[in-house]
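Structure file protein29.txt (compact mmCIF, C-alpha atoms) is printed below.
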# COMPACT_ATOMS: atom_id res chain seq x y z
CA MET V 1 -45.93 -8.91 7.26
CA PHE V 2 -44.67 -12.32 8.32
CA ASN V 3 -47.49 -12.67 10.84
CA ASP V 4 -49.80 -12.82 7.83
CA PHE V 5 -47.93 -15.89 6.55
CA LYS V 6 -48.18 -17.45 10.00
CA GLN V 7 -51.96 -17.59 9.57
CA ASP V 8 -51.59 -19.83 6.51
CA PHE V 9 -50.07 -22.81 8.34
CA CYS V 10 -51.21 -25.47 10.80
CA LEU V 11 -49.37 -24.49 13.99
CA THR V 12 -50.56 -26.21 17.13
CA ARG V 13 -48.23 -24.28 19.46
CA ALA V 14 -45.26 -21.93 19.53
CA GLY V 15 -41.70 -23.20 19.28
CA TYR V 16 -41.72 -25.41 16.20
CA LEU V 17 -38.15 -25.04 14.88
CA LEU V 18 -37.74 -28.43 13.24
CA ASN V 19 -38.19 -27.40 9.62
CA HIS V 20 -35.00 -29.16 8.48
CA SER V 21 -36.92 -32.37 9.25
CA VAL V 22 -40.61 -31.79 8.45
CA GLY V 23 -42.23 -28.49 7.51
CA ARG V 24 -45.70 -27.62 8.77
CA PRO V 25 -48.64 -28.06 6.34
CA LEU V 26 -50.66 -25.23 4.86
CA LYS V 27 -54.18 -24.96 6.26
CA SER V 28 -55.49 -25.11 2.70
CA THR V 29 -53.74 -28.41 1.94
CA GLU V 30 -56.52 -30.74 3.08
CA GLN V 31 -59.18 -29.10 0.93
CA VAL V 32 -56.89 -28.94 -2.11
CA PHE V 33 -55.92 -32.59 -1.64
CA LYS V 34 -59.56 -33.67 -1.51
CA GLY V 35 -60.29 -31.77 -4.71
CA ALA V 36 -57.26 -33.05 -6.61
CA PHE V 37 -57.18 -36.66 -5.42
CA PHE V 38 -60.48 -37.79 -3.90
CA ALA V 39 -63.00 -35.80 -5.95
CA PRO V 40 -62.07 -37.36 -9.32
CA TRP V 41 -62.22 -40.78 -7.65
CA GLN V 42 -65.34 -40.37 -5.51
CA ASP V 43 -67.55 -38.04 -7.50
CA SER V 44 -67.32 -39.45 -11.00
CA GLY V 45 -68.42 -42.71 -12.56
CA ARG V 46 -65.40 -42.65 -14.87
CA GLU V 47 -61.86 -43.69 -14.15
CA PRO V 48 -59.93 -40.75 -12.68
CA TRP V 49 -56.56 -41.06 -14.40
CA THR V 50 -57.00 -38.08 -16.70
CA GLN V 51 -57.47 -35.79 -13.70
CA TRP V 52 -54.87 -37.59 -11.62
CA LEU V 53 -52.17 -37.22 -14.26
CA GLY V 54 -52.97 -33.53 -14.27
CA VAL V 55 -51.69 -33.52 -10.67
CA ILE V 56 -48.26 -34.59 -11.92
CA GLU V 57 -48.32 -31.82 -14.52
CA ASP V 58 -49.09 -29.37 -11.73
CA PHE V 59 -46.24 -30.77 -9.60
CA THR V 60 -43.60 -30.42 -12.31
CA SER V 61 -44.97 -26.99 -13.20
CA ALA V 62 -44.49 -25.87 -9.61
CA LEU V 63 -40.92 -27.20 -9.61
CA SER V 64 -40.12 -25.35 -12.82
CA LYS V 65 -41.16 -22.07 -11.17
CA LEU V 66 -39.27 -22.77 -7.97
CA PHE V 67 -35.97 -23.63 -9.67
CA ASN V 68 -36.29 -21.65 -12.92
CA GLY V 69 -36.08 -24.75 -15.07
CA GLN V 70 -38.10 -26.27 -17.91
CA GLN V 71 -41.05 -28.40 -16.82
CA LYS V 72 -40.11 -31.25 -19.17
CA ASP V 73 -36.77 -31.68 -17.40
CA PHE V 74 -38.35 -32.67 -14.06
CA CYS V 75 -39.56 -36.14 -13.12
CA PRO V 76 -41.38 -37.23 -9.94
CA GLN V 77 -39.63 -39.80 -7.73
CA VAL V 78 -40.56 -41.65 -4.54
CA ASN V 79 -37.44 -40.53 -2.65
CA LEU V 80 -33.89 -39.27 -3.18
CA SER V 81 -32.20 -42.66 -2.81
CA SER V 82 -34.31 -44.09 -5.61
CA ALA V 83 -33.69 -41.04 -7.78
CA LEU V 84 -29.93 -41.26 -7.27
CA THR V 85 -29.88 -44.99 -7.99
CA LYS V 86 -31.82 -44.51 -11.22
CA ILE V 87 -29.48 -41.77 -12.41
CA VAL V 88 -26.29 -43.71 -11.63
CA MET V 89 -27.55 -46.90 -13.30
CA SER V 90 -28.58 -44.98 -16.42
CA LEU V 91 -25.11 -43.66 -17.25
CA GLU V 92 -22.67 -45.75 -19.28
CA ARG V 93 -19.83 -43.64 -17.91
CA LEU V 94 -20.57 -44.82 -14.35
CA ASN V 95 -21.15 -48.44 -15.32
CA ARG V 96 -17.63 -49.22 -16.44
CA GLU V 97 -14.66 -50.45 -14.43
CA HIS V 98 -12.98 -48.02 -12.04
CA ALA V 99 -15.41 -45.12 -12.37
CA VAL V 100 -15.02 -42.58 -9.54
CA VAL V 101 -17.71 -40.65 -7.68
CA LEU V 102 -16.69 -37.87 -5.29
CA MET V 103 -18.78 -36.84 -2.28
CA SER V 104 -18.27 -35.58 1.27
CA GLU V 105 -18.11 -37.64 4.44
CA ILE V 106 -20.79 -35.33 5.86
CA ASP V 107 -23.31 -36.06 3.11
CA PHE V 108 -26.53 -37.74 4.21
CA PRO V 109 -25.60 -41.44 4.68
CA SER V 110 -28.44 -42.71 2.49
CA MET V 111 -26.78 -41.10 -0.51
CA GLY V 112 -23.55 -42.99 0.14
CA PHE V 113 -25.44 -46.25 0.64
CA ALA V 114 -27.28 -45.81 -2.67
CA LEU V 115 -24.12 -44.94 -4.59
CA LYS V 116 -22.14 -47.89 -3.30
CA LYS V 117 -24.87 -50.37 -4.23
CA ALA V 118 -25.73 -48.82 -7.59
CA LEU V 119 -22.16 -48.63 -8.89
CA PRO V 120 -20.26 -51.69 -10.19
CA ALA V 121 -18.01 -53.35 -7.60
CA SER V 122 -14.81 -52.05 -9.21
CA CYS V 123 -15.90 -48.41 -8.92
CA GLU V 124 -14.83 -46.06 -6.16
CA VAL V 125 -16.83 -43.72 -3.97
CA ARG V 126 -14.20 -41.20 -2.89
CA PHE V 127 -14.80 -38.95 0.11
CA ILE V 128 -13.77 -35.43 1.00
CA PRO V 129 -12.73 -35.83 4.68
CA LYS V 130 -15.23 -34.50 7.18
CA ASN V 131 -12.62 -32.30 8.89
CA LEU V 132 -12.24 -30.12 5.77
CA ASP V 133 -14.29 -26.96 5.21
CA ILE V 134 -16.89 -27.94 2.65
CA THR V 135 -17.81 -24.27 2.11
CA ASP V 136 -14.33 -23.51 0.72
CA PRO V 137 -14.12 -23.73 -3.11
CA ASN V 138 -10.41 -24.59 -2.77
CA VAL V 139 -11.32 -27.83 -1.00
CA TRP V 140 -13.44 -28.89 -3.95
CA ASP V 141 -10.78 -27.72 -6.39
CA ALA V 142 -8.22 -29.96 -4.69
CA HIS V 143 -10.47 -33.04 -4.76
CA ILE V 144 -12.13 -32.85 -8.19
CA SER V 145 -9.25 -34.55 -9.98
CA SER V 146 -9.13 -35.59 -13.62
CA ASP V 147 -10.22 -39.18 -12.84
CA VAL V 148 -13.48 -38.14 -11.12
CA ASP V 149 -16.52 -39.05 -13.23
CA LEU V 150 -19.27 -37.58 -11.04
CA VAL V 151 -19.20 -35.09 -8.18
CA PHE V 152 -22.09 -35.39 -5.75
CA VAL V 153 -22.75 -32.26 -3.72
CA SER V 154 -25.35 -31.33 -1.12
CA HIS V 155 -26.50 -27.75 -1.48
CA ALA V 156 -26.92 -27.68 2.32
CA TYR V 157 -25.48 -30.13 4.86
CA SER V 158 -27.96 -31.38 7.41
CA ASN V 159 -25.70 -31.88 10.44
CA THR V 160 -23.50 -28.77 10.14
CA GLY V 161 -25.69 -26.05 8.65
CA GLN V 162 -23.11 -25.41 5.93
CA GLN V 163 -23.87 -24.36 2.37
CA ALA V 164 -21.79 -25.62 -0.55
CA PRO V 165 -20.37 -23.11 -3.10
CA LEU V 166 -22.35 -24.54 -6.00
CA ALA V 167 -21.30 -22.09 -8.71
CA ASN V 168 -17.62 -22.77 -8.02
CA ILE V 169 -18.10 -26.54 -7.85
CA PHE V 170 -20.05 -26.75 -11.10
CA ALA V 171 -17.51 -24.56 -12.87
CA ILE V 172 -14.61 -26.75 -11.69
CA ALA V 173 -16.46 -29.94 -12.61
CA GLY V 174 -17.30 -28.63 -16.05
CA ASP V 175 -13.73 -27.54 -16.75
CA ARG V 176 -12.48 -31.04 -15.83
CA GLY V 177 -15.08 -32.97 -17.77
CA CYS V 178 -16.79 -34.22 -14.64
CA LEU V 179 -20.54 -34.71 -14.26
CA SER V 180 -22.26 -32.87 -11.39
CA LEU V 181 -25.26 -33.80 -9.26
CA VAL V 182 -26.74 -31.61 -6.51
CA ASP V 183 -28.96 -32.76 -3.63
CA VAL V 184 -31.35 -29.97 -2.59
CA ALA V 185 -33.27 -31.82 0.14
CA GLN V 186 -32.07 -29.38 2.82
CA SER V 187 -32.18 -26.22 0.70
CA ALA V 188 -35.23 -26.34 -1.59
CA GLY V 189 -37.46 -23.42 -0.74
CA ILE V 190 -35.10 -21.69 1.69
CA ILE V 191 -32.02 -21.05 -0.53
CA SER V 192 -32.42 -19.86 -4.11
CA LEU V 193 -31.17 -22.13 -6.88
CA ASP V 194 -31.46 -21.03 -10.51
CA LEU V 195 -31.02 -24.01 -12.81
CA ALA V 196 -30.89 -21.85 -15.93
CA LEU V 197 -27.91 -20.03 -14.44
CA LEU V 198 -26.02 -22.81 -12.63
CA GLN V 199 -26.54 -25.64 -15.16
CA PRO V 200 -25.56 -28.75 -13.18
CA ASP V 201 -26.04 -32.09 -14.90
CA PHE V 202 -28.52 -33.48 -12.36
CA LEU V 203 -30.59 -32.35 -9.39
CA ILE V 204 -32.48 -34.44 -6.85
CA GLY V 205 -34.73 -33.19 -4.08
CA SER V 206 -37.76 -33.69 -1.87
CA SER V 207 -40.75 -31.71 -0.60
CA VAL V 208 -40.99 -32.71 3.06
CA LYS V 209 -38.79 -30.07 4.69
CA TRP V 210 -38.80 -26.34 3.87
CA LEU V 211 -41.37 -26.86 1.12
CA CYS V 212 -43.89 -28.22 3.66
CA GLY V 213 -45.16 -30.74 1.09
CA GLY V 214 -45.01 -33.99 3.06
CA PRO V 215 -43.11 -37.22 2.32
CA GLY V 216 -43.24 -39.23 -0.90
CA ALA V 217 -43.00 -36.31 -3.35
CA ALA V 218 -39.37 -36.36 -4.41
CA TYR V 219 -38.08 -35.37 -7.85
CA LEU V 220 -35.13 -35.36 -10.18
CA TRP V 221 -34.05 -32.89 -12.84
CA ILE V 222 -31.93 -33.72 -15.87
CA ASN V 223 -29.98 -31.15 -17.84
CA PRO V 224 -31.40 -31.54 -21.38
CA ALA V 225 -27.85 -31.51 -22.78
CA ILE V 226 -27.20 -34.89 -21.16
CA LEU V 227 -30.64 -36.48 -21.47
CA GLU V 228 -29.82 -38.72 -24.43
CA HIS V 229 -26.86 -40.16 -22.50
CA CYS V 230 -29.27 -41.41 -19.84
CA GLN V 231 -30.61 -44.91 -20.44
CA PRO V 232 -32.57 -45.82 -17.26
CA LYS V 233 -32.76 -49.47 -16.29
CA ASP V 234 -35.57 -49.13 -13.75
CA VAL V 235 -38.36 -48.37 -16.20
CA GLY V 236 -42.07 -49.01 -16.62
CA TRP V 237 -44.90 -48.04 -18.91
CA PHE V 238 -44.73 -44.38 -17.89
CA SER V 239 -41.09 -44.28 -19.02
CA HIS V 240 -42.31 -45.14 -22.52
CA GLU V 241 -42.62 -42.57 -25.27
CA ASN V 242 -46.26 -43.64 -25.63
CA PRO V 243 -47.45 -45.28 -22.39
CA PHE V 244 -50.77 -46.26 -23.97
CA GLU V 245 -49.32 -48.03 -26.99
CA PHE V 246 -49.44 -51.36 -25.14
CA ASN V 247 -46.99 -53.24 -27.36
CA ILE V 248 -44.82 -55.43 -25.13
CA HIS V 249 -42.24 -55.86 -27.92
CA ASP V 250 -41.58 -52.14 -28.43
CA PHE V 251 -40.08 -49.79 -25.83
CA ARG V 252 -38.88 -46.29 -26.61
CA TYR V 253 -37.63 -43.84 -23.98
CA ARG V 254 -39.56 -40.64 -23.49
CA HIS V 255 -37.82 -37.56 -24.90
CA SER V 256 -37.91 -35.88 -21.51
CA ALA V 257 -36.92 -36.51 -17.91
CA LEU V 258 -40.05 -38.65 -17.58
CA ARG V 259 -38.05 -41.56 -19.00
CA PHE V 260 -37.04 -41.97 -15.32
CA TRP V 261 -40.64 -42.19 -14.14
CA GLY V 262 -41.20 -45.96 -14.13
CA GLY V 263 -44.42 -47.88 -13.58
CA THR V 264 -47.88 -46.83 -12.43
CA PRO V 265 -47.30 -43.60 -10.52
CA SER V 266 -48.37 -42.48 -7.09
CA ILE V 267 -50.62 -39.42 -7.13
CA ALA V 268 -51.53 -38.50 -3.55
CA PRO V 269 -48.11 -37.20 -2.37
CA TYR V 270 -47.78 -34.98 -5.42
CA ALA V 271 -51.24 -33.48 -4.98
CA ILE V 272 -50.17 -32.29 -1.53
CA ALA V 273 -46.71 -31.15 -2.56
CA ALA V 274 -47.71 -29.32 -5.75
CA HIS V 275 -49.99 -27.00 -3.78
CA SER V 276 -47.27 -26.22 -1.26
CA ILE V 277 -44.50 -25.72 -3.83
CA HIS V 278 -46.67 -23.28 -5.79
CA TYR V 279 -47.13 -21.33 -2.55
CA PHE V 280 -43.40 -21.04 -1.87
CA ALA V 281 -42.46 -20.46 -5.50
CA GLY V 282 -44.84 -17.51 -5.43
CA LEU V 283 -43.07 -16.06 -2.39
CA GLY V 284 -39.55 -16.73 -3.63
CA ALA V 285 -36.72 -18.38 -1.71
CA SER V 286 -34.83 -15.09 -1.31
CA LEU V 287 -37.62 -13.66 0.86
CA LEU V 288 -37.71 -16.75 3.05
CA ARG V 289 -33.96 -16.86 3.41
CA LYS V 290 -33.69 -13.22 4.44
CA TYR V 291 -36.22 -13.75 7.22
CA ASN V 292 -34.71 -17.09 8.25
CA GLN V 293 -31.26 -15.54 8.60
CA GLN V 294 -32.59 -12.61 10.61
CA LEU V 295 -33.95 -15.04 13.21
CA ILE V 296 -30.79 -17.17 13.11
CA ASP V 297 -28.60 -14.09 13.65
CA VAL V 298 -30.36 -13.38 16.95
CA VAL V 299 -29.38 -16.83 18.22
CA VAL V 300 -25.83 -16.51 16.90
CA GLN V 301 -25.34 -13.27 18.84
CA GLU V 302 -26.21 -15.08 22.07
CA PHE V 303 -24.25 -18.29 21.51
CA ASP V 304 -21.28 -17.42 19.34
CA SER V 305 -18.85 -19.75 21.17
CA GLU V 306 -21.24 -22.71 20.80
CA LEU V 307 -21.64 -22.20 17.07
CA VAL V 308 -20.99 -25.17 14.78
CA SER V 309 -22.53 -23.59 11.68
CA PRO V 310 -20.51 -20.96 9.77
CA ARG V 311 -20.38 -17.45 11.19
CA ASP V 312 -20.46 -16.08 7.66
CA ALA V 313 -24.13 -16.00 6.66
CA GLU V 314 -23.20 -16.58 2.99
CA LYS V 315 -21.84 -19.99 3.96
CA ARG V 316 -24.80 -20.98 6.15
CA SER V 317 -27.88 -22.97 5.22
CA GLY V 318 -31.28 -22.40 6.81
CA THR V 319 -30.31 -24.50 9.82
CA LEU V 320 -28.27 -23.38 12.81
CA VAL V 321 -26.27 -25.96 14.79
CA LEU V 322 -25.13 -25.29 18.36
CA GLN V 323 -22.88 -27.57 20.44
CA PHE V 324 -23.23 -27.49 24.25
CA GLY V 325 -21.00 -30.48 25.06
CA GLU V 326 -21.87 -32.24 28.29
CA GLN V 327 -24.84 -29.92 28.83
CA GLN V 328 -26.49 -30.93 25.56
CA ALA V 329 -28.73 -33.71 26.95
CA GLN V 330 -29.88 -31.48 29.80
CA ILE V 331 -30.70 -28.63 27.45
CA MET V 332 -32.53 -30.91 25.02
CA ALA V 333 -34.66 -32.28 27.87
CA ALA V 334 -35.53 -28.74 28.96
CA LEU V 335 -36.45 -27.72 25.41
CA THR V 336 -38.67 -30.78 25.06
CA ASN V 337 -40.40 -30.01 28.36
CA ALA V 338 -41.01 -26.46 27.12
CA ASN V 339 -42.64 -27.86 23.93
CA ILE V 340 -39.88 -26.45 21.73
CA SER V 341 -39.30 -28.66 18.69
CA VAL V 342 -35.62 -28.99 17.77
CA ASP V 343 -33.42 -32.08 17.53
CA SER V 344 -29.94 -33.21 18.48
CA ARG V 345 -27.27 -34.90 16.41
CA SER V 346 -23.59 -35.63 17.04
CA MET V 347 -22.58 -32.14 15.88
CA GLY V 348 -25.10 -30.36 18.10
CA ILE V 349 -28.66 -29.08 18.46
CA ARG V 350 -30.30 -28.22 15.13
CA ILE V 351 -32.56 -25.14 14.93
CA SER V 352 -34.44 -24.17 11.76
CA PRO V 353 -36.84 -21.18 11.76
CA HIS V 354 -39.32 -20.86 8.90
CA ILE V 355 -41.55 -18.10 7.59
CA TYR V 356 -44.22 -18.95 10.19
CA ASN V 357 -41.82 -18.60 13.11
CA ASP V 358 -41.29 -15.27 14.84
CA MET V 359 -39.23 -13.54 17.52
CA ALA V 360 -41.47 -15.01 20.23
CA ASP V 361 -40.32 -18.50 19.17
CA ILE V 362 -36.68 -17.40 19.25
CA LYS V 363 -37.02 -15.65 22.60
CA LEU V 364 -38.58 -18.76 24.14
CA LEU V 365 -35.73 -20.88 22.75
CA LEU V 366 -33.08 -18.52 24.16
CA ASP V 367 -34.75 -18.26 27.57
CA VAL V 368 -34.94 -22.03 28.01
CA ILE V 369 -31.34 -22.63 26.92
CA LYS V 370 -29.98 -19.87 29.19
CA ALA V 371 -31.96 -21.17 32.15
CA ASN V 372 -30.61 -24.70 31.76
CA ARG V 373 -26.93 -24.22 30.94
Re-express the file's structure as structure tokens.
Amino acid sequence: MFNDFKQDFCLTRAGYLLNHSVGRPLKSTEQVFKGAFFAPWQDSGREPWTQWLGVIEDFTSALSKLFNGQQKDFCPQVNLSSALTKIVMSLERLNREHAVVLMSEIDFPSMGFALKKALPASCEVRFIPKNLDITDPNVWDAHISSDVDLVFVSHAYSNTGQQAPLANIFAIAGDRGCLSLVDVAQSAGIISLDLALLQPDFLIGSSVKWLCGGPGAAYLWINPAILEHCQPKDVGWFSHENPFEFNIHDFRYRHSALRFWGGTPSIAPYAIAAHSIHYFAGLGASLLRKYNQQLIDVVVQEFDSELVSPRDAEKRSGTLVLQFGEQQAQIMAALTNANISVDSRSMGIRISPHIYNDMADIKLLLDVIKANR
């Protein structure tokens, strides 16, 4: 069954296990991109914006299927840092003295950089220490205190392969009057997330990793219950209720998440990503995750003592992290020489099998590691 999916992707060789970084493109992407982006531009004597804006509709439609949310609540963004900055700057609650944002020390650094610069100088970015188990709801319970205004949580943590207990976190945050924002960059497409069920306040994500949609096609989602509390500062004519009104003296926010859109939009990245997201939304994240964890379990059985990621599959993301200590550089060199694509960070070697990987990829990985320990 999964060999059939393998035929859909551009795979130049065996051993590509770097899907936490960049997913492989669909073979059909180039043709779809030409039709959606170049054809309206090249083959018509009229301006192509009507067709191009249809690409954005297709992108947000794909996201609504993937996350079980309403299309109007999604807005395209250039990257996660920009999305996070726009959200923070739009909220009066976070633009007063001594507001508090809670996040983990193991969150992606760019998120911390963006928060610190977007918040007023008197505000605090408070960190859950990196030595605490971020998969434990009790850790979040102990740190989401009554003075926290926003809790920032990564659905999956890139350097540890851990998965956050989102349902618990959102419930705690809601009970304590705290806003919640989830980063799905490392989970979108590989771990199910049902917005209608979980109901965070905000979501930000990208398409480059498990969704195989390339860079530049990020997005944000706003819970409609909080939309009217969001007054974005970084706006443009596509944030306007009527972008084609062309009255410089009159600005009205859109009555949807597109109030965060801004100026003249990019189209090309979303043409690529929309096609890919539709593909994975059609398959369903639960199918991908089941297969991903089957392959990961084979590696875990061989290298249990080197495991950095959780042993409990329910607490794992789609990425497995193994730590080989002083042997790590030697093993990485051997894997590179064998044309196996993984990477190494301070916590260990990161391995991420996708739907187009198979047991042959895993066997090759295991053989090379064992031969070079």
Could the residues of segment 23-94 of chain V that have an atom at most 8 Å from segment 211-220 of chain V be listed as a tab-separated table, each with its closest atom pair and the distance in Å to one decimal, counting all atoms listed in the file and ordered by chain and ascending residue number?
residue	atom	partner	partner_atom	distance
V:Gly23	CA	V:Cys212	CA	4.2
V:Arg24	CA	V:Cys212	CA	5.5
V:Pro25	CA	V:Cys212	CA	5.5
V:Leu26	CA	V:Cys212	CA	7.5
V:Phe74	CA	V:Leu220	CA	5.7
V:Cys75	CA	V:Leu220	CA	5.4
V:Pro76	CA	V:Tyr219	CA	4.3
V:Gln77	CA	V:Tyr219	CA	4.7
V:Val78	CA	V:Gly216	CA	5.1
V:Asn79	CA	V:Ala218	CA	4.9
V:Leu80	CA	V:Ala218	CA	6.3
V:Ala83	CA	V:Leu220	CA	6.3
Same residues, C-alpha atoms, output as a CSV table (one decimal), in the frame of the given file:
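Heads up, here's the output in part-v3.csv:
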chain,number,residue,atom,x,y,z
V,23,GLY,CA,-42.2,-28.5,7.5
V,24,ARG,CA,-45.7,-27.6,8.8
V,25,PRO,CA,-48.6,-28.1,6.3
V,26,LEU,CA,-50.7,-25.2,4.9
V,74,PHE,CA,-38.4,-32.7,-14.1
V,75,CYS,CA,-39.6,-36.1,-13.1
V,76,PRO,CA,-41.4,-37.2,-9.9
V,77,GLN,CA,-39.6,-39.8,-7.7
V,78,VAL,CA,-40.6,-41.6,-4.5
V,79,ASN,CA,-37.4,-40.5,-2.6
V,80,LEU,CA,-33.9,-39.3,-3.2
V,83,ALA,CA,-33.7,-41.0,-7.8
Please determine, counting only C-alpha atoms, which residue among V:Ala39, V:Ile351, V:Leu166, V:Ala273 has the shortest atom-to-atom distance to Ser21 of chain V.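 Nearest candidate to Ser21 of chain V out of V:Ala39, V:Ile351, V:Leu166, V:Ala273: V:Ile351.
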One decimal, Å: what's the distance from atom CA of Lys233 of chain V over to atom CA of His155 of chain V, could you say? 27.0 Å
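The neighbours of Asp149 of chain V here are the residues that come within 9 Å of it, using all atoms listed in the file and leaving out any residue fewer than 3 positions away in the same chain; they are Arg93, Leu94, Ala99, Val100, Val101, Leu102, Ser146, Gly177, Cys178, Leu179 and Ser180 of chain V.
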Written file, previous selection with C-alpha atoms, as a PDB file, in the frame of the given file:
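See again28.pdb below for the written result:
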ATOM      1  CA  ARG V  93     -19.830 -43.640 -17.910  1.00  0.00           C
ATOM      2  CA  LEU V  94     -20.570 -44.820 -14.350  1.00  0.00           C
ATOM      3  CA  ALA V  99     -15.410 -45.120 -12.370  1.00  0.00           C
ATOM      4  CA  VAL V 100     -15.020 -42.580  -9.540  1.00  0.00           C
ATOM      5  CA  VAL V 101     -17.710 -40.650  -7.680  1.00  0.00           C
ATOM      6  CA  LEU V 102     -16.690 -37.870  -5.290  1.00  0.00           C
ATOM      7  CA  SER V 146      -9.130 -35.590 -13.620  1.00  0.00           C
ATOM      8  CA  GLY V 177     -15.080 -32.970 -17.770  1.00  0.00           C
ATOM      9  CA  CYS V 178     -16.790 -34.220 -14.640  1.00  0.00           C
ATOM     10  CA  LEU V 179     -20.540 -34.710 -14.260  1.00  0.00           C
ATOM     11  CA  SER V 180     -22.260 -32.870 -11.390  1.00  0.00           C
TER      12      SER V 180
END
Of the listed residues V:Val148, V:Ala62, V:Met103, V:Ala338, that which approaches Phe280 of chain V most closely, counting all atoms listed in the file: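 Smallest separation from Phe280 of chain V among the options: V:Ala62.
Of the listed residues (V:Ile355, V:Ala142, V:Val125, V:Leu193), V:Ile355 comes nearest to Leu287 of chain V; the distances count all atoms listed in the file.
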Surrounding residues of Gln70 of chain V excluding itself and chain neighbours under 2 positions, 10 Å, all atoms listed in the file, as a ChimeraX atom specification: /V:60-61,63-65,67-68,72-74,195-196,221-224
Using only C-alpha atoms, which residues sit within 12 Å of Gly318 of chain V once same-chain residues fewer than 3 positions away are excluded, as a compact mmCIF listing (two decimals) with C-alpha atoms, in the frame of the given file?
# COMPACT_ATOMS: atom_id res chain seq x y z
CA LEU V 17 -38.15 -25.04 14.88
CA LEU V 18 -37.74 -28.43 13.24
CA ASN V 19 -38.19 -27.40 9.62
CA HIS V 20 -35.00 -29.16 8.48
CA SER V 21 -36.92 -32.37 9.25
CA HIS V 155 -26.50 -27.75 -1.48
CA ALA V 156 -26.92 -27.68 2.32
CA TYR V 157 -25.48 -30.13 4.86
CA SER V 158 -27.96 -31.38 7.41
CA ASN V 159 -25.70 -31.88 10.44
CA THR V 160 -23.50 -28.77 10.14
CA GLY V 161 -25.69 -26.05 8.65
CA GLN V 162 -23.11 -25.41 5.93
CA GLN V 163 -23.87 -24.36 2.37
CA ALA V 185 -33.27 -31.82 0.14
CA GLN V 186 -32.07 -29.38 2.82
CA SER V 187 -32.18 -26.22 0.70
CA ALA V 188 -35.23 -26.34 -1.59
CA GLY V 189 -37.46 -23.42 -0.74
CA ILE V 190 -35.10 -21.69 1.69
CA ILE V 191 -32.02 -21.05 -0.53
CA SER V 192 -32.42 -19.86 -4.11
CA LYS V 209 -38.79 -30.07 4.69
CA TRP V 210 -38.80 -26.34 3.87
CA ALA V 285 -36.72 -18.38 -1.71
CA SER V 286 -34.83 -15.09 -1.31
CA LEU V 288 -37.71 -16.75 3.05
CA ARG V 289 -33.96 -16.86 3.41
CA LYS V 290 -33.69 -13.22 4.44
CA TYR V 291 -36.22 -13.75 7.22
CA ASN V 292 -34.71 -17.09 8.25
CA GLN V 293 -31.26 -15.54 8.60
CA GLN V 294 -32.59 -12.61 10.61
CA LEU V 295 -33.95 -15.04 13.21
CA ILE V 296 -30.79 -17.17 13.11
CA ASP V 297 -28.60 -14.09 13.65
CA SER V 309 -22.53 -23.59 11.68
CA PRO V 310 -20.51 -20.96 9.77
CA ALA V 313 -24.13 -16.00 6.66
CA GLU V 314 -23.20 -16.58 2.99
CA LYS V 315 -21.84 -19.99 3.96
CA VAL V 321 -26.27 -25.96 14.79
CA ARG V 350 -30.30 -28.22 15.13
CA ILE V 351 -32.56 -25.14 14.93
CA SER V 352 -34.44 -24.17 11.76
CA PRO V 353 -36.84 -21.18 11.76
CA HIS V 354 -39.32 -20.86 8.90
CA ILE V 355 -41.55 -18.10 7.59
Give me the residues near Cys10 of chain V as a list in words, where near means some atom within 12 Å (using only C-alpha atoms) and where sequence neighbours in that chain fewer than 3 positions away do not count.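 Using only C-alpha atoms, the neighbours found are Phe5, Lys6, Gln7, Arg13, Ala14, Tyr16, Gly23, Arg24, Pro25, Leu26, Lys27, Ser28, Thr29, Glu30, Cys212, Tyr356 and Asn357 of chain V.
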What gap, in Å, lies between atom CA of Arg254 of chain V and atom CA of Phe202 of chain V?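 Distance reported for this atom pair: 17.2 Å.
Nearest to Gln327 of chain V of all the residues V:Leu365, V:Leu150, V:Ile169, V:Ala371 is V:Ala371, based on all atoms listed in the file.
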Just the residues within 8 Å of Asp136 of chain V, please, counting all atoms listed in the file, with nothing from its chain fewer than 3 positions along; format it as a VMD selection string. chain V and resid 133 139 to 140 164 to 165
Suppose we keep C-alpha atoms; can you now write the selection as a PDB file, keeping the file's coordinate frame?
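The file below, result34.pdb, is the result:
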ATOM      1  CA  ASP V 133     -14.290 -26.960   5.210  1.00  0.00           C
ATOM      2  CA  VAL V 139     -11.320 -27.830  -1.000  1.00  0.00           C
ATOM      3  CA  TRP V 140     -13.440 -28.890  -3.950  1.00  0.00           C
ATOM      4  CA  ALA V 164     -21.790 -25.620  -0.550  1.00  0.00           C
ATOM      5  CA  PRO V 165     -20.370 -23.110  -3.100  1.00  0.00           C
TER       6      PRO V 165
END
Hey, can you check how far atom CA of Tyr253 of chain V sits from atom CA of Gln231 of chain V? 7.9 Å
Within 8 Å of file point (-54.3, -34.1, -4.6), counting all atoms listed in the file, expressed as a list in words: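 With a cut-off of 8 Å, the residues come to Val32, Phe33, Lys34, Gly35, Ala36, Phe37, Phe38, Trp52, Val55, Ile267, Ala268, Pro269, Tyr270, Ala271 and Ile272 of chain V.
The shortest atom-to-atom distance to Val368 of chain V, with all atoms listed in the file taken into account, belongs to V:Ile331 out of V:Ile56, V:Ile331, V:Val88, V:Leu320.
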